[in-house]
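> So that you have it, the file is work06.cif, and it contains mmCIF, C-alpha atoms; chains and numbers go by the auth columns:
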data_start
loop_
_atom_site.group_PDB
_atom_site.id
_atom_site.type_symbol
_atom_site.label_atom_id
_atom_site.label_comp_id
_atom_site.label_asym_id
_atom_site.label_seq_id
_atom_site.Cartn_x
_atom_site.Cartn_y
_atom_site.Cartn_z
_atom_site.B_iso_or_equiv
_atom_site.auth_seq_id
_atom_site.auth_asym_id
ATOM 1 C CA MET A 1 -144.713 52.734 -107.555 0.00 732 A
ATOM 2 C CA GLU A 2 -143.049 52.493 -104.184 0.00 733 A
ATOM 3 C CA ILE A 3 -139.482 51.390 -103.816 0.00 734 A
ATOM 4 C CA PRO A 4 -139.006 48.998 -100.886 0.00 735 A
ATOM 5 C CA PRO A 5 -136.623 50.290 -98.209 0.00 736 A
ATOM 6 C CA LYS A 6 -133.122 48.883 -98.298 0.00 737 A
ATOM 7 C CA SER A 7 -130.631 48.478 -95.534 0.00 738 A
ATOM 8 C CA PRO A 8 -127.532 50.691 -95.526 0.00 739 A
ATOM 9 C CA ASP A 9 -125.340 47.945 -96.997 0.00 740 A
ATOM 10 C CA GLY A 10 -127.944 47.160 -99.679 0.00 741 A
ATOM 11 C CA SER A 11 -127.776 43.402 -99.175 0.00 742 A
ATOM 12 C CA GLU A 12 -131.041 42.878 -97.300 0.00 743 A
ATOM 13 C CA LYS A 13 -134.187 42.292 -99.343 0.00 744 A
ATOM 14 C CA SER A 14 -137.683 43.395 -98.476 0.00 745 A
ATOM 15 C CA PRO A 15 -139.742 41.101 -96.192 0.00 746 A
ATOM 16 C CA GLN A 16 -142.136 40.368 -99.041 0.00 747 A
ATOM 17 C CA SER A 17 -139.414 38.993 -101.259 0.00 748 A
ATOM 18 C CA LYS A 18 -138.080 36.884 -98.386 0.00 749 A
ATOM 19 C CA GLU A 19 -141.526 35.311 -98.002 0.00 750 A
ATOM 20 C CA LEU A 20 -141.707 34.585 -101.708 0.00 751 A
ATOM 21 C CA LEU A 21 -138.301 32.936 -101.732 0.00 752 A
ATOM 22 C CA THR A 22 -138.826 30.761 -98.672 0.00 753 A
ATOM 23 C CA SER A 23 -142.470 29.751 -99.147 0.00 754 A
ATOM 24 C CA ASN A 24 -143.192 26.192 -100.249 0.00 755 A
ATOM 25 C CA THR A 25 -146.424 26.262 -102.129 0.00 756 A
ATOM 26 C CA ALA A 26 -148.054 23.340 -103.847 0.00 757 A
ATOM 27 C CA SER A 27 -147.004 24.605 -107.265 0.00 758 A
ATOM 28 C CA THR A 28 -143.322 24.777 -106.353 0.00 759 A
ATOM 29 C CA LEU A 29 -143.516 21.295 -104.867 0.00 760 A
ATOM 30 C CA CYS A 30 -145.142 20.040 -108.050 0.00 761 A
ATOM 31 C CA ILE A 31 -142.484 21.678 -110.206 0.00 762 A
ATOM 32 C CA SER A 32 -139.667 20.287 -108.102 0.00 763 A
ATOM 33 C CA SER A 33 -141.119 16.784 -108.192 0.00 764 A
ATOM 34 C CA ARG A 34 -141.388 16.952 -111.971 0.00 765 A
ATOM 35 C CA SER A 35 -137.857 18.240 -112.347 0.00 766 A
ATOM 36 C CA GLU A 36 -136.576 15.418 -110.154 0.00 767 A
ATOM 37 C CA SER A 37 -138.180 12.858 -112.443 0.00 768 A
ATOM 38 C CA VAL A 38 -136.514 14.498 -115.441 0.00 769 A
ATOM 39 C CA TRP A 39 -133.075 14.377 -113.863 0.00 770 A
ATOM 40 C CA THR A 40 -133.268 10.853 -112.517 0.00 771 A
ATOM 41 C CA SER A 41 -132.603 8.232 -115.128 0.00 772 A
ATOM 42 C CA ALA A 42 -134.144 5.291 -113.271 0.00 773 A
ATOM 43 C CA SER A 43 -136.027 3.106 -115.695 0.00 774 A
ATOM 44 C CA ARG A 44 -139.717 2.677 -114.985 0.00 775 A
ATOM 45 C CA SER A 45 -141.697 -0.482 -115.542 0.00 776 A
ATOM 46 C CA LYS A 46 -144.410 -0.698 -118.168 0.00 777 A
ATOM 47 C CA TRP A 47 -147.079 -0.718 -115.457 0.00 778 A
ATOM 48 C CA ASP A 48 -145.709 2.525 -113.977 0.00 779 A
ATOM 49 C CA ILE A 49 -145.922 4.150 -117.391 0.00 780 A
ATOM 50 C CA TYR A 50 -149.244 2.787 -118.651 0.00 781 A
ATOM 51 C CA HIS A 51 -151.302 2.178 -115.481 0.00 782 A
ATOM 52 C CA LYS A 52 -153.488 5.276 -115.806 0.00 783 A
ATOM 53 C CA PRO A 53 -154.650 4.690 -119.394 0.00 784 A
ATOM 54 C CA VAL A 54 -155.145 0.974 -118.696 0.00 785 A
ATOM 55 C CA ILE A 55 -157.391 1.834 -115.745 0.00 786 A
ATOM 56 C CA VAL A 56 -159.336 4.362 -117.850 0.00 787 A
ATOM 57 C CA VAL A 57 -159.812 1.803 -120.642 0.00 788 A
ATOM 58 C CA SER A 58 -160.921 -0.866 -118.161 0.00 789 A
ATOM 59 C CA VAL A 59 -163.434 1.409 -116.442 0.00 790 A
ATOM 60 C CA GLY A 60 -164.681 2.636 -119.822 0.00 791 A
ATOM 61 C CA ALA A 61 -165.204 -0.906 -121.074 0.00 792 A
ATOM 62 C CA ALA A 62 -167.038 -1.865 -117.877 0.00 793 A
ATOM 63 C CA VAL A 63 -169.337 1.176 -118.041 0.00 794 A
ATOM 64 C CA PHE A 64 -169.951 0.543 -121.753 0.00 795 A
ATOM 65 C CA LEU A 65 -170.934 -3.078 -121.079 0.00 796 A
ATOM 66 C CA PHE A 66 -173.167 -1.955 -118.211 0.00 797 A
ATOM 67 C CA GLY A 67 -174.837 0.470 -120.612 0.00 798 A
ATOM 68 C CA MET A 68 -175.395 -2.329 -123.099 0.00 799 A
ATOM 69 C CA VAL A 69 -177.069 -4.449 -120.407 0.00 800 A
ATOM 70 C CA ILE A 70 -179.282 -1.577 -119.258 0.00 801 A
ATOM 71 C CA THR A 71 -180.244 -0.750 -122.852 0.00 802 A
ATOM 72 C CA SER A 72 -181.084 -4.374 -123.607 0.00 803 A
ATOM 73 C CA LEU A 73 -183.207 -4.514 -120.456 0.00 804 A
ATOM 74 C CA SER A 74 -185.343 -1.724 -121.874 0.00 805 A
ATOM 75 C CA CYS A 75 -186.223 -4.023 -124.783 0.00 806 A
ATOM 76 C CA ILE A 76 -186.908 -7.088 -122.649 0.00 807 A
ATOM 77 C CA GLN A 77 -188.668 -5.790 -119.550 0.00 808 A
ATOM 78 C CA SER A 78 -191.832 -3.748 -119.565 0.00 809 A
ATOM 79 C CA LYS A 79 -191.491 -2.570 -115.962 0.00 810 A
ATOM 80 C CA ASN A 80 -189.380 0.646 -115.577 0.00 811 A
ATOM 81 C CA LYS A 81 -188.910 0.797 -119.340 0.00 812 A
ATOM 82 C CA ASN A 82 -188.530 4.604 -119.390 0.00 813 A
ATOM 83 C CA VAL A 83 -185.772 4.506 -116.772 0.00 814 A
ATOM 84 C CA TYR A 84 -183.827 1.935 -118.765 0.00 815 A
ATOM 85 C CA LYS A 85 -184.280 3.933 -121.966 0.00 816 A
ATOM 86 C CA MET A 86 -182.844 7.037 -120.308 0.00 817 A
ATOM 87 C CA CYS A 87 -179.988 5.467 -118.345 0.00 818 A
ATOM 88 C CA GLY A 88 -178.827 2.911 -120.903 0.00 819 A
ATOM 89 C CA PRO A 89 -177.639 5.333 -123.602 0.00 820 A
ATOM 90 C CA ALA A 90 -176.097 7.586 -120.947 0.00 821 A
ATOM 91 C CA PHE A 91 -173.923 4.736 -119.670 0.00 822 A
ATOM 92 C CA LEU A 92 -173.165 3.668 -123.238 0.00 823 A
ATOM 93 C CA SER A 93 -171.900 7.124 -124.179 0.00 824 A
ATOM 94 C CA LEU A 94 -169.946 7.607 -120.939 0.00 825 A
ATOM 95 C CA GLY A 95 -168.278 4.223 -121.293 0.00 826 A
ATOM 96 C CA LEU A 96 -167.446 4.821 -124.935 0.00 827 A
ATOM 97 C CA MET A 97 -165.967 8.216 -124.094 0.00 828 A
ATOM 98 C CA LEU A 98 -163.709 6.751 -121.392 0.00 829 A
ATOM 99 C CA LEU A 99 -162.735 3.857 -123.645 0.00 830 A
ATOM 100 C CA VAL A 100 -161.716 6.129 -126.507 0.00 831 A
ATOM 101 C CA CYS A 101 -159.861 8.557 -124.214 0.00 832 A
ATOM 102 C CA GLY A 102 -157.829 5.710 -122.751 0.00 833 A
ATOM 103 C CA LEU A 103 -157.078 4.224 -126.156 0.00 834 A
ATOM 104 C CA VAL A 104 -155.894 7.606 -127.470 0.00 835 A
ATOM 105 C CA TRP A 105 -153.829 8.226 -124.335 0.00 836 A
ATOM 106 C CA ILE A 106 -151.603 5.162 -124.927 0.00 837 A
ATOM 107 C CA PRO A 107 -150.005 6.369 -128.224 0.00 838 A
ATOM 108 C CA ILE A 108 -149.508 9.813 -126.701 0.00 839 A
ATOM 109 C CA ILE A 109 -147.503 8.271 -123.847 0.00 840 A
ATOM 110 C CA ARG A 110 -145.476 6.209 -126.337 0.00 841 A
ATOM 111 C CA LYS A 111 -144.641 9.339 -128.312 0.00 842 A
ATOM 112 C CA LYS A 112 -143.570 11.180 -125.163 0.00 843 A
ATOM 113 C CA GLN A 113 -141.359 8.254 -124.166 0.00 844 A
ATOM 114 C CA LYS A 114 -139.622 8.315 -127.558 0.00 845 A
ATOM 115 C CA GLN A 115 -139.118 12.085 -127.328 0.00 846 A
ATOM 116 C CA ARG A 116 -137.707 11.723 -123.822 0.00 847 A
ATOM 117 C CA GLN A 117 -135.268 9.043 -125.007 0.00 848 A
ATOM 118 C CA LYS A 118 -134.163 11.263 -127.891 0.00 849 A
ATOM 119 C CA SER A 119 -133.660 14.262 -125.626 0.00 850 A
ATOM 120 C CA GLN A 120 -131.627 12.177 -123.146 0.00 851 A
ATOM 121 C CA PHE A 121 -129.485 10.942 -126.030 0.00 852 A
ATOM 122 C CA LEU A 122 -128.939 14.490 -127.285 0.00 853 A
ATOM 123 C CA GLN A 123 -128.089 15.688 -123.774 0.00 854 A
ATOM 124 C CA SER A 124 -125.463 12.962 -123.445 0.00 855 A
ATOM 125 C CA LEU A 125 -124.013 13.929 -126.833 0.00 856 A
ATOM 126 C CA LYS A 126 -123.863 17.593 -125.783 0.00 857 A
ATOM 127 C CA SER A 127 -122.174 16.764 -122.518 0.00 858 A
ATOM 128 C CA PHE A 128 -119.687 14.505 -124.339 0.00 859 A
ATOM 129 C CA PHE A 129 -118.654 17.132 -126.877 0.00 860 A
ATOM 130 C CA PHE A 130 -118.805 20.271 -124.755 0.00 861 A
ATOM 131 C CA ASN A 131 -117.210 18.911 -121.575 0.00 862 A
ATOM 132 C CA ARG A 132 -113.833 18.184 -123.128 0.00 863 A
#
Would you write out, as structure tokens, the structure that this file holds?

Amino acid sequence: MEIPPKSPDGSEKSPQSKELLTSNTASTLCISSRSESVWTSASRSKWDIYHKPVIVVSVGAAVFLFGMVITSLSCIQSKNKNVYKMCGPAFLSLGLMLLVCGLVWIPIIRKKQKQRQKSQFLQSLKSFFFNR
């Protein structure tokens, strides 16, 4: 192991460590943006909280219904019957998967919201008792 050279006063760091401290990578930006959301106590609307799972559920329901139509076309039409028989169940399963993922995502978000409220309450209690 090599020891990086130090200046005579010992205060200057190696150039590699300077680069690490001053670089703004995507991961540090992501971490800082998450930490900002933890420290800000601005209330968010229901749409801001639940828009992603609602979109996933909506797309899943649409794909599921499209799969039902394609599957029913395989029973009605004789032309391109093999294509309908292959594509219909694929869309059915994809739509059902998205639908279930979105429906499971909503209670997970609710649980996280409750935990966040509890932790904010406990932080305020700590600051009240220990900052006297």
> Tell me, as a list of chain:residue names, which residues lie within 10 Å of Met828 of chain A, counting only C-alpha atoms; anything in the same chain fewer than 5 positions away does not count.
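Everything that qualifies: A:Val787, A:Val788, A:Gly791, A:Ala792, A:Val794, A:Phe795, A:Phe822, A:Leu823, A:Gly833, A:Leu834.
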> Would you export the selected residues with C-alpha atoms as a CSV table (one decimal), keeping the file's coordinate frame, please?

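Saved as out.csv:
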chain,number,residue,atom,x,y,z
A,787,VAL,CA,-159.3,4.4,-117.8
A,788,VAL,CA,-159.8,1.8,-120.6
A,791,GLY,CA,-164.7,2.6,-119.8
A,792,ALA,CA,-165.2,-0.9,-121.1
A,794,VAL,CA,-169.3,1.2,-118.0
A,795,PHE,CA,-170.0,0.5,-121.8
A,822,PHE,CA,-173.9,4.7,-119.7
A,823,LEU,CA,-173.2,3.7,-123.2
A,833,GLY,CA,-157.8,5.7,-122.8
A,834,LEU,CA,-157.1,4.2,-126.2
> May I have the residues within 12 Å of Phe797 of chain A as a ChimeraX atom specification, using only C-alpha atoms and disregarding those fewer than 5 positions away in the same chain?
/A:790-792,802-804,815,818-827
> Between atom CA of Phe852 of chain A and atom CA of Ser774 of chain A, what distance in Å does the model show, to one decimal?
14.5 Å
> Box in all listed atoms of segment 776-792 of chain A, axis-aligned, with 3 Å more on each side; write out centre and edge lengths in Å to one decimal as lines of an AutoDock Vina configuration file.

center_x = -153.5
center_y = 2.2
center_z = -117.5
size_x = 29.5
size_y = 12.2
size_z = 13.1
> How far is it from atom CA of Lys842 of chain A to atom CA of Tyr781 of chain A, in Å with one decimal?
12.5 Å
> Report, in Å to a single decimal, how far apart atom CA of Leu829 of chain A and atom CA of Arg841 of chain A are.
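Interatomic distance, atom CA of Arg841 of chain A to atom CA of Leu829 of chain A: 18.9 Å.
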> Of the candidates A:Ile839, A:Pro784, A:Ile801, A:Lys849, which one gets nearest to Val814 of chain A if we count only C-alpha atoms?
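Closest candidate: A:Ile801.
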> Which polymer residues, protein or nucleic acid, are no farther than 9 Å from (-147.5, 9.8, -118.1), counting all atoms listed in the file, as a PyMOL selection string?
chain A and resi 779-784+839-840+843-844
